[in-house]
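**Student:** Sharing input-v1.txt (compact mmCIF, C-alpha atoms and all ligand atoms) below.
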# COMPACT_ATOMS: atom_id res chain seq x y z
CA MET D 1 59.98 79.07 83.62
CA LEU D 2 60.61 75.40 82.86
CA GLU D 3 57.60 73.10 82.99
CA LEU D 4 57.98 69.34 82.58
CA ASN D 5 54.82 67.30 82.44
CA ASN D 6 54.91 63.50 82.59
CA LEU D 7 58.27 63.50 80.86
CA SER D 8 59.67 60.07 80.02
CA VAL D 9 62.79 58.84 78.25
CA ARG D 10 63.27 55.18 77.36
CA PHE D 11 66.36 53.50 75.99
CA GLY D 12 65.04 50.23 74.59
CA GLY D 13 63.58 48.40 77.59
CA LEU D 14 65.07 50.78 80.16
CA THR D 15 63.00 53.72 81.39
CA ALA D 16 65.68 56.25 82.38
CA VAL D 17 63.21 59.07 83.11
CA ASN D 18 59.76 58.01 84.18
CA ALA D 19 56.81 60.43 83.99
CA VAL D 20 58.57 63.36 85.65
CA THR D 21 56.43 66.43 86.36
CA LEU D 22 58.38 69.44 87.58
CA THR D 23 58.26 73.23 87.44
CA VAL D 24 61.37 75.36 87.96
CA GLY D 25 61.32 79.16 87.91
CA THR D 26 64.14 81.12 86.35
CA HIS D 27 64.96 82.58 89.78
CA ASP D 28 65.23 79.22 91.55
CA VAL D 29 68.36 77.35 92.59
CA VAL D 30 67.39 73.69 92.65
CA GLY D 31 69.52 70.68 93.55
CA LEU D 32 68.87 67.53 91.49
CA VAL D 33 70.02 64.46 93.38
CA GLY D 34 69.57 60.70 93.32
CA PRO D 35 71.62 57.50 93.27
CA ASN D 36 73.91 56.64 90.35
CA GLY D 37 71.89 55.80 87.26
CA ALA D 38 68.74 57.51 88.60
CA GLY D 39 68.27 59.45 85.35
CA LYS D 40 69.61 62.91 86.31
CA THR D 41 71.86 63.46 83.30
CA THR D 42 69.24 61.97 80.99
CA LEU D 43 66.75 64.50 82.34
CA PHE D 44 69.22 67.31 81.54
CA ASN D 45 69.74 65.82 78.08
CA ALA D 46 65.99 65.79 77.47
CA ILE D 47 65.57 69.40 78.64
CA SER D 48 68.48 70.70 76.57
CA GLY D 49 67.52 68.67 73.49
CA LEU D 50 70.24 66.01 73.34
CA VAL D 51 67.84 63.11 73.72
CA ARG D 52 64.30 62.83 72.45
CA PRO D 53 61.72 62.03 75.13
CA THR D 54 59.39 59.12 74.54
CA GLY D 55 56.49 60.82 76.31
CA GLY D 56 55.33 63.98 78.03
CA THR D 57 55.89 67.67 77.40
CA ILE D 58 58.59 70.30 77.98
CA ARG D 59 57.69 73.98 78.06
CA PHE D 60 60.10 76.84 78.56
CA ASP D 61 58.92 80.42 78.91
CA ARG D 62 55.53 79.29 77.61
CA HIS D 63 57.04 77.74 74.45
CA ASP D 64 56.51 74.07 73.72
CA VAL D 65 60.15 72.98 73.17
CA LEU D 66 59.70 69.22 72.97
CA ARG D 67 60.81 69.11 69.33
CA THR D 68 62.80 72.33 69.28
CA PRO D 69 66.43 71.90 68.13
CA ILE D 70 69.24 72.32 70.66
CA TYR D 71 70.43 75.72 69.40
CA ARG D 72 66.91 77.19 69.54
CA ARG D 73 66.47 75.97 73.11
CA ALA D 74 69.79 77.65 73.88
CA ARG D 75 68.53 80.88 72.31
CA LEU D 76 65.36 80.69 74.36
CA GLY D 77 67.60 80.59 77.45
CA ILE D 78 68.31 76.97 78.36
CA GLY D 79 72.05 76.63 79.09
CA ARG D 80 74.01 73.66 80.36
CA THR D 81 77.38 72.29 81.35
CA PHE D 82 78.64 68.73 80.93
CA GLN D 83 79.90 66.34 83.60
CA ILE D 84 83.14 65.94 81.67
CA PRO D 85 84.35 69.37 80.50
CA GLN D 86 84.10 69.66 76.74
CA PRO D 87 86.31 72.52 75.57
CA MET D 88 86.50 73.04 71.83
CA HIS D 89 89.89 71.72 70.79
CA GLU D 90 92.39 73.92 68.95
CA LEU D 91 90.64 77.04 70.31
CA THR D 92 91.72 79.44 73.02
CA VAL D 93 89.61 80.07 76.10
CA ARG D 94 88.29 83.33 74.61
CA GLU D 95 87.51 81.67 71.27
CA ASN D 96 85.56 78.96 73.11
CA LEU D 97 83.39 81.68 74.64
CA ILE D 98 82.92 83.43 71.30
CA VAL D 99 81.71 80.19 69.68
CA ALA D 100 79.40 79.48 72.62
CA GLN D 101 77.99 83.01 72.52
CA ARG D 102 77.38 82.86 68.79
CA PHE D 103 75.63 79.50 69.21
CA GLY D 104 73.47 80.48 72.17
CA ALA D 105 72.92 84.21 71.73
CA GLY D 106 73.31 84.57 67.96
CA HIS D 107 75.83 87.43 68.19
CA VAL D 108 79.21 88.28 69.68
CA ASP D 109 79.52 90.81 72.49
CA GLU D 110 83.20 91.19 73.45
CA ASP D 111 82.38 93.25 76.57
CA LYS D 112 80.14 90.50 77.84
CA ILE D 113 82.88 87.96 77.16
CA ASP D 114 85.36 90.06 79.13
CA GLU D 115 82.87 90.26 82.00
CA ILE D 116 82.43 86.47 81.99
CA LEU D 117 86.20 85.87 81.81
CA ASP D 118 86.65 88.14 84.85
CA PHE D 119 83.80 86.58 86.72
CA THR D 120 85.08 83.04 86.21
CA SER D 121 88.71 84.08 87.00
CA LEU D 122 89.81 83.08 83.50
CA ALA D 123 90.86 86.54 82.27
CA ASP D 124 94.58 85.77 82.50
CA LYS D 125 94.02 82.47 80.66
CA ALA D 126 91.99 83.98 77.84
CA ASN D 127 94.61 83.28 75.19
CA ARG D 128 95.58 79.82 76.39
CA ASN D 129 94.63 76.69 74.48
CA ALA D 130 91.49 75.48 76.22
CA ALA D 131 92.05 71.77 75.74
CA THR D 132 95.72 71.47 76.66
CA GLU D 133 96.73 74.37 78.91
CA LEU D 134 94.13 74.46 81.68
CA ALA D 135 94.06 72.80 85.11
CA LEU D 136 90.90 70.92 86.18
CA THR D 137 89.44 73.86 88.15
CA GLU D 138 89.99 76.11 85.13
CA LEU D 139 88.39 73.58 82.80
CA LYS D 140 85.36 73.48 85.09
CA ALA D 141 85.29 77.29 85.20
CA LEU D 142 85.41 77.28 81.39
CA GLU D 143 82.38 74.96 81.28
CA VAL D 144 80.47 77.50 83.37
CA ALA D 145 81.85 80.44 81.35
CA LYS D 146 80.77 78.83 78.06
CA ALA D 147 77.31 78.24 79.45
CA LEU D 148 77.10 81.86 80.67
CA ALA D 149 78.19 83.08 77.24
CA THR D 150 75.00 81.61 75.77
CA THR D 151 73.07 84.14 77.97
CA PRO D 152 70.94 81.54 79.72
CA LYS D 153 67.85 82.21 81.81
CA LEU D 154 68.12 78.72 83.29
CA LEU D 155 71.41 76.90 83.67
CA LEU D 156 71.69 73.12 84.02
CA LEU D 157 74.92 72.33 85.89
CA ASP D 158 75.97 68.67 85.73
CA GLU D 159 78.33 67.86 88.62
CA VAL D 160 80.46 70.96 88.05
CA LEU D 161 82.09 70.60 91.46
CA ALA D 162 83.03 66.93 91.17
CA GLY D 163 86.74 66.21 91.47
CA LEU D 164 87.69 69.62 92.91
CA GLU D 165 89.73 69.78 96.11
CA THR D 166 88.27 71.56 99.15
CA ASN D 167 89.56 75.07 98.42
CA GLY D 168 88.71 74.91 94.74
CA LYS D 169 85.26 73.68 95.65
CA ARG D 170 84.73 76.52 98.13
CA ARG D 171 85.78 79.16 95.58
CA PHE D 172 83.61 77.57 92.93
CA MET D 173 80.58 77.53 95.22
CA GLY D 174 81.07 81.24 95.94
CA MET D 175 81.07 81.84 92.20
CA LEU D 176 77.87 79.83 91.67
CA LYS D 177 76.08 81.72 94.45
CA GLU D 178 77.09 85.07 93.01
CA MET D 179 76.25 83.97 89.48
CA HIS D 180 72.63 83.45 90.37
CA ALA D 181 72.30 87.06 91.54
CA ARG D 182 74.65 88.77 89.09
CA PHE D 183 73.51 87.13 85.85
CA GLY D 184 69.86 86.72 86.91
CA VAL D 185 69.99 83.05 86.04
CA GLY D 186 68.02 80.16 87.53
CA ILE D 187 70.02 77.02 88.26
CA ILE D 188 69.39 73.30 88.42
CA ILE D 189 72.51 71.58 89.73
CA ILE D 190 73.22 67.85 89.78
CA GLU D 191 75.41 67.27 92.80
CA HIS D 192 76.16 64.25 94.99
CA ASP D 193 77.55 66.14 97.98
CA ILE D 194 74.73 66.88 100.43
CA GLU D 195 76.62 69.69 102.20
CA THR D 196 77.07 71.46 98.89
CA ILE D 197 73.36 71.13 98.15
CA HIS D 198 72.54 72.58 101.58
CA ALA D 199 74.87 75.51 100.97
CA LEU D 200 73.59 76.35 97.48
CA CYS D 201 69.96 75.32 97.13
CA GLN D 202 66.66 76.32 98.69
CA ARG D 203 64.99 73.39 96.97
CA VAL D 204 65.94 69.83 96.16
CA VAL D 205 64.32 67.28 93.86
CA VAL D 206 65.18 63.60 94.01
CA LEU D 207 65.12 61.05 91.20
CA ASN D 208 65.17 57.34 91.83
CA PHE D 209 64.93 54.82 88.97
CA GLY D 210 63.80 57.71 86.77
CA GLN D 211 60.94 58.76 89.03
CA LEU D 212 60.69 61.99 90.97
CA ILE D 213 60.27 60.82 94.56
CA ALA D 214 60.72 64.06 96.55
CA ASP D 215 60.63 67.83 96.04
CA GLY D 216 61.12 70.29 98.89
CA THR D 217 63.60 72.06 101.13
CA PRO D 218 66.93 70.29 101.72
CA GLU D 219 65.93 69.67 105.38
CA ALA D 220 62.61 68.05 104.44
CA VAL D 221 64.00 66.03 101.53
CA PHE D 222 67.08 64.60 103.23
CA ASN D 223 64.96 63.48 106.18
CA ASP D 224 62.35 61.85 103.96
CA PRO D 225 62.37 58.06 104.65
CA GLU D 226 61.76 57.24 100.98
CA VAL D 227 64.79 59.30 99.97
CA ILE D 228 66.96 57.65 102.62
CA ARG D 229 65.74 54.23 101.44
CA SER D 230 66.55 55.06 97.82
CA TYR D 231 70.17 55.79 98.78
CA THR D 232 70.63 52.83 101.13
CA GLY D 233 68.92 50.54 98.56
CA ALA D 234 71.33 51.77 95.89
CA ALA D 235 74.27 51.22 98.24
CA HIS D 236 73.19 47.62 98.82
CA ALA D 237 72.53 46.91 95.14
N1 LIG I 301 72.35 56.75 75.59
C1 LIG I 301 71.97 55.80 76.44
N2 LIG I 301 71.63 54.56 75.98
C2 LIG I 301 71.22 53.58 76.82
N3 LIG I 301 71.11 53.74 78.17
C3 LIG I 301 71.44 54.94 78.67
C4 LIG I 301 71.89 56.02 77.85
N4 LIG I 301 72.12 57.09 78.64
C5 LIG I 301 71.85 56.69 79.92
N5 LIG I 301 71.45 55.41 79.92
C6 LIG I 301 71.02 54.65 81.10
O1 LIG I 301 69.97 55.40 81.70
C7 LIG I 301 70.04 55.32 83.12
C8 LIG I 301 70.14 56.71 83.68
O2 LIG I 301 71.44 57.22 83.39
P1 LIG I 301 71.87 58.69 83.79
O3 LIG I 301 73.26 58.89 83.28
O4 LIG I 301 70.84 59.64 83.34
O5 LIG I 301 71.86 58.62 85.36
P2 LIG I 301 72.46 59.65 86.44
O6 LIG I 301 71.44 59.78 87.50
O7 LIG I 301 72.91 60.89 85.75
O8 LIG I 301 73.71 58.83 86.99
P3 LIG I 301 75.13 59.33 87.61
O9 LIG I 301 74.84 59.97 88.93
O10 LIG I 301 75.88 58.05 87.75
O11 LIG I 301 75.75 60.28 86.60
C9 LIG I 301 71.26 54.43 83.44
O12 LIG I 301 70.78 53.11 83.65
C10 LIG I 301 72.10 54.53 82.18
O13 LIG I 301 72.88 53.38 82.01
Represent the structure from my file as structure tokens, please.
**Tutor:**
Amino acid sequence: MLELNNLSVRFGGLTAVNAVTLTVGTHDVVGLVGPNGAGKTTLFNAISGLVRPTGGTIRFDRHDVLRTPIYRRARLGIGRTFQIPQPMHELTVRENLIVAQRFGAGHVDEDKIDEILDFTSLADKANRNAATELALTELKALEVAKALATTPKLLLLDEVLAGLETNGKRRFMGMLKEMHARFGVGIIIIEHDIETIHALCQRVVVLNFGQLIADGTPEAVFNDPEVIRSYTGAAHA
């Protein structure tokens, strides 16, 4: 279970994440939404260890991980993907998964890698160069595959569906739904498309100017006047 208490991240004078308190179970599928610049990616960076919070606490599975290095957080079970796919250059798809697994799980399990390649429909691309020989959907699938290879208990997905065309998006959503059940992994997904959030998540949390302004079912949250105002305000800004 992930427990954030009063978590803040400042960049100079800008408070990107402002006293966020949030609990997410490792069986939850939670949508993280909010206008551009609301602090969503910064929150992921703080949880996974890429930025150092300026206040508050982060606990995962009862461990205080506030100052825990990235690889140890990965080994505790915090996995993530990046908004812009980041394959390891010069390596094949399979080698990318091997490196990710060694980093996150501390060992290599070829059977598990085969299972992940099958699951993400990358088996026939396993020996391709990851950086130069994959289409966008495959690059996105590789982001998810790499994250799965770290054997996460909680997966932070940063706009994994962005830029996909309708069919690709539909297939990808099917995969995400199945992933939750098959790999027993909790998910927090940053996603701008409200229909996608409705289809995937039982719970949504909303950030606005770094603050958590709503937490509830998609129906309740998207009808919340403060949430609607945060979006229309951002559109006018
Ligand atoms: N490394 C950084 N240094 C300075 N400011 C930063 C840094 N990273 C993010 N910010 C600022 O922090 C705020 C939150 O950014 P963040 O990327 O977390 O928002 P977001 O909700 O993920 O936005 P989007 O939906 O556009 O991806 C923005 O004002 C951004 O410019």
**Student:** Which residues are near Glu143 (chain D)? Cut-off 9 Å, all atoms listed in the file, ignore same chain within fewer than 4 positions. Put them as a ChimeraX atom specification.
**Tutor:** /D:80-82,85-87,138-139,147-148,160
**Student:** Return as a ChimeraX atom specification every polymer residue, whether protein, DNA or RNA, with at least one atom no more than 12 Å from an atom of ligand LIG 301 (chain I); count all atoms listed in the file.
**Tutor:** /D:8-18,32-46,50-53,82-84,157-160,162,189-193,206-212,231,234
**Student:** Can you tell me how far CA of Asn129 (chain D) sits from CA of Lys146 (chain D), in Å to one decimal?
**Tutor:** 14.5 Å
**Student:** For Ile188 (chain D), work out the shell of residues within 7 Å, counting only C-alpha atoms and skipping chain neighbours fewer than 5 positions away, then give it as number ranges by chain.
**Tutor:** D: 29-32, 155-157
**Student:** Using all atoms listed in the file, find the one residue out of D:Ser121, D:Val20, D:Met173, D:Leu2 that sits nearest to Arg62 (chain D).
**Tutor:**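 The closest residue to Arg62 (chain D) is D:Leu2.
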**Student:** What does the distance from CA of Ala141 (chain D) to CA of Thr120 (chain D) come to in Å, to one decimal?
**Tutor:** 5.8 Å
**Student:** Let me make sure I understand: among D:Leu97, D:Leu164, D:Ile113, D:Met1, which one has the smallest atom-to-atom distance to Ala135 (chain D) if we use all atoms listed in the file?
**Tutor:**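 Of D:Leu97, D:Leu164, D:Ile113, D:Met1, the one nearest Ala135 (chain D) is D:Leu164, counting all atoms listed in the file.
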**Student:** Work out how far CA of Leu22 (chain D) is from CA of Lys177 (chain D), in Å to one decimal.
**Tutor:** 22.6 Å
**Student:** In the coordinate frame of the file, compute which residues have an atom within 12 Å of (80.2, 89.5, 76.1) when using all atoms listed in the file, and state them as number ranges by chain.
**Tutor:** D: 94-95, 97-102, 104-119, 145-146, 148-151
**Student:** Taking into account all atoms listed in the file, which residue in the set D:Pro225, D:Gly77, D:Gly163, D:Pro69 is nearest to Gly184 (chain D)?
**Tutor:**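 Selected residue with least distance to Gly184 (chain D): D:Gly77.
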**Student:** Work out where the centre of an axis-aligned box around every listed atom of region 201-207 of chain D lies and how long its edges are once 3 Å is added on each side; give both in Å to one decimal as lines of an AutoDock Vina configuration file.
**Tutor:**
center_x = 67.1
center_y = 68.7
center_z = 94.9
size_x = 11.6
size_y = 21.3
size_z = 13.5
**Student:** I'd like the neighbourhood of Thr21 (chain D) as a list in words, where a residue qualifies if any of its atoms comes within 6 Å (using only C-alpha atoms), though same-chain residues fewer than 3 positions away should be ignored.
**Tutor:** Leu4, Asn5 and Asn6 of chain D
**Student:** Would you mind completing region 109-121 of chain D to N, CA and C atoms and writing the output as a PDB file, keeping the file's coordinate frame?
**Tutor:**
ATOM      1  N   ASP D 109      79.449  89.595  71.684  1.00  0.00           N
ATOM      2  CA  ASP D 109      79.520  90.810  72.490  1.00  0.00           C
ATOM      3  C   ASP D 109      80.806  90.699  73.325  1.00  0.00           C
ATOM      4  N   GLU D 110      81.873  91.343  72.823  1.00  0.00           N
ATOM      5  CA  GLU D 110      83.200  91.190  73.450  1.00  0.00           C
ATOM      6  C   GLU D 110      83.197  91.679  74.906  1.00  0.00           C
ATOM      7  N   ASP D 111      82.422  92.738  75.189  1.00  0.00           N
ATOM      8  CA  ASP D 111      82.380  93.250  76.570  1.00  0.00           C
ATOM      9  C   ASP D 111      81.817  92.202  77.512  1.00  0.00           C
ATOM     10  N   LYS D 112      80.771  91.541  77.032  1.00  0.00           N
ATOM     11  CA  LYS D 112      80.140  90.500  77.840  1.00  0.00           C
ATOM     12  C   LYS D 112      81.138  89.354  78.074  1.00  0.00           C
ATOM     13  N   ILE D 113      81.890  89.032  77.021  1.00  0.00           N
ATOM     14  CA  ILE D 113      82.880  87.960  77.160  1.00  0.00           C
ATOM     15  C   ILE D 113      83.938  88.347  78.175  1.00  0.00           C
ATOM     16  N   ASP D 114      84.384  89.599  78.140  1.00  0.00           N
ATOM     17  CA  ASP D 114      85.360  90.060  79.130  1.00  0.00           C
ATOM     18  C   ASP D 114      84.782  89.958  80.543  1.00  0.00           C
ATOM     19  N   GLU D 115      83.517  90.330  80.682  1.00  0.00           N
ATOM     20  CA  GLU D 115      82.870  90.260  82.000  1.00  0.00           C
ATOM     21  C   GLU D 115      82.840  88.805  82.505  1.00  0.00           C
ATOM     22  N   ILE D 116      82.510  87.886  81.596  1.00  0.00           N
ATOM     23  CA  ILE D 116      82.430  86.470  81.990  1.00  0.00           C
ATOM     24  C   ILE D 116      83.824  85.923  82.318  1.00  0.00           C
ATOM     25  N   LEU D 117      84.829  86.326  81.535  1.00  0.00           N
ATOM     26  CA  LEU D 117      86.200  85.870  81.810  1.00  0.00           C
ATOM     27  C   LEU D 117      86.649  86.355  83.189  1.00  0.00           C
ATOM     28  N   ASP D 118      86.330  87.609  83.520  1.00  0.00           N
ATOM     29  CA  ASP D 118      86.650  88.140  84.850  1.00  0.00           C
ATOM     30  C   ASP D 118      85.930  87.371  85.928  1.00  0.00           C
ATOM     31  N   PHE D 119      84.634  87.213  85.705  1.00  0.00           N
ATOM     32  CA  PHE D 119      83.800  86.580  86.720  1.00  0.00           C
ATOM     33  C   PHE D 119      84.250  85.156  87.030  1.00  0.00           C
ATOM     34  N   THR D 120      84.690  84.440  86.009  1.00  0.00           N
ATOM     35  CA  THR D 120      85.080  83.040  86.210  1.00  0.00           C
ATOM     36  C   THR D 120      86.595  82.901  86.466  1.00  0.00           C
ATOM     37  N   SER D 121      87.263  84.041  86.713  1.00  0.00           N
ATOM     38  CA  SER D 121      88.710  84.080  87.000  1.00  0.00           C
ATOM     39  C   SER D 121      89.532  83.455  85.874  1.00  0.00           C
TER      40      SER D 121
END
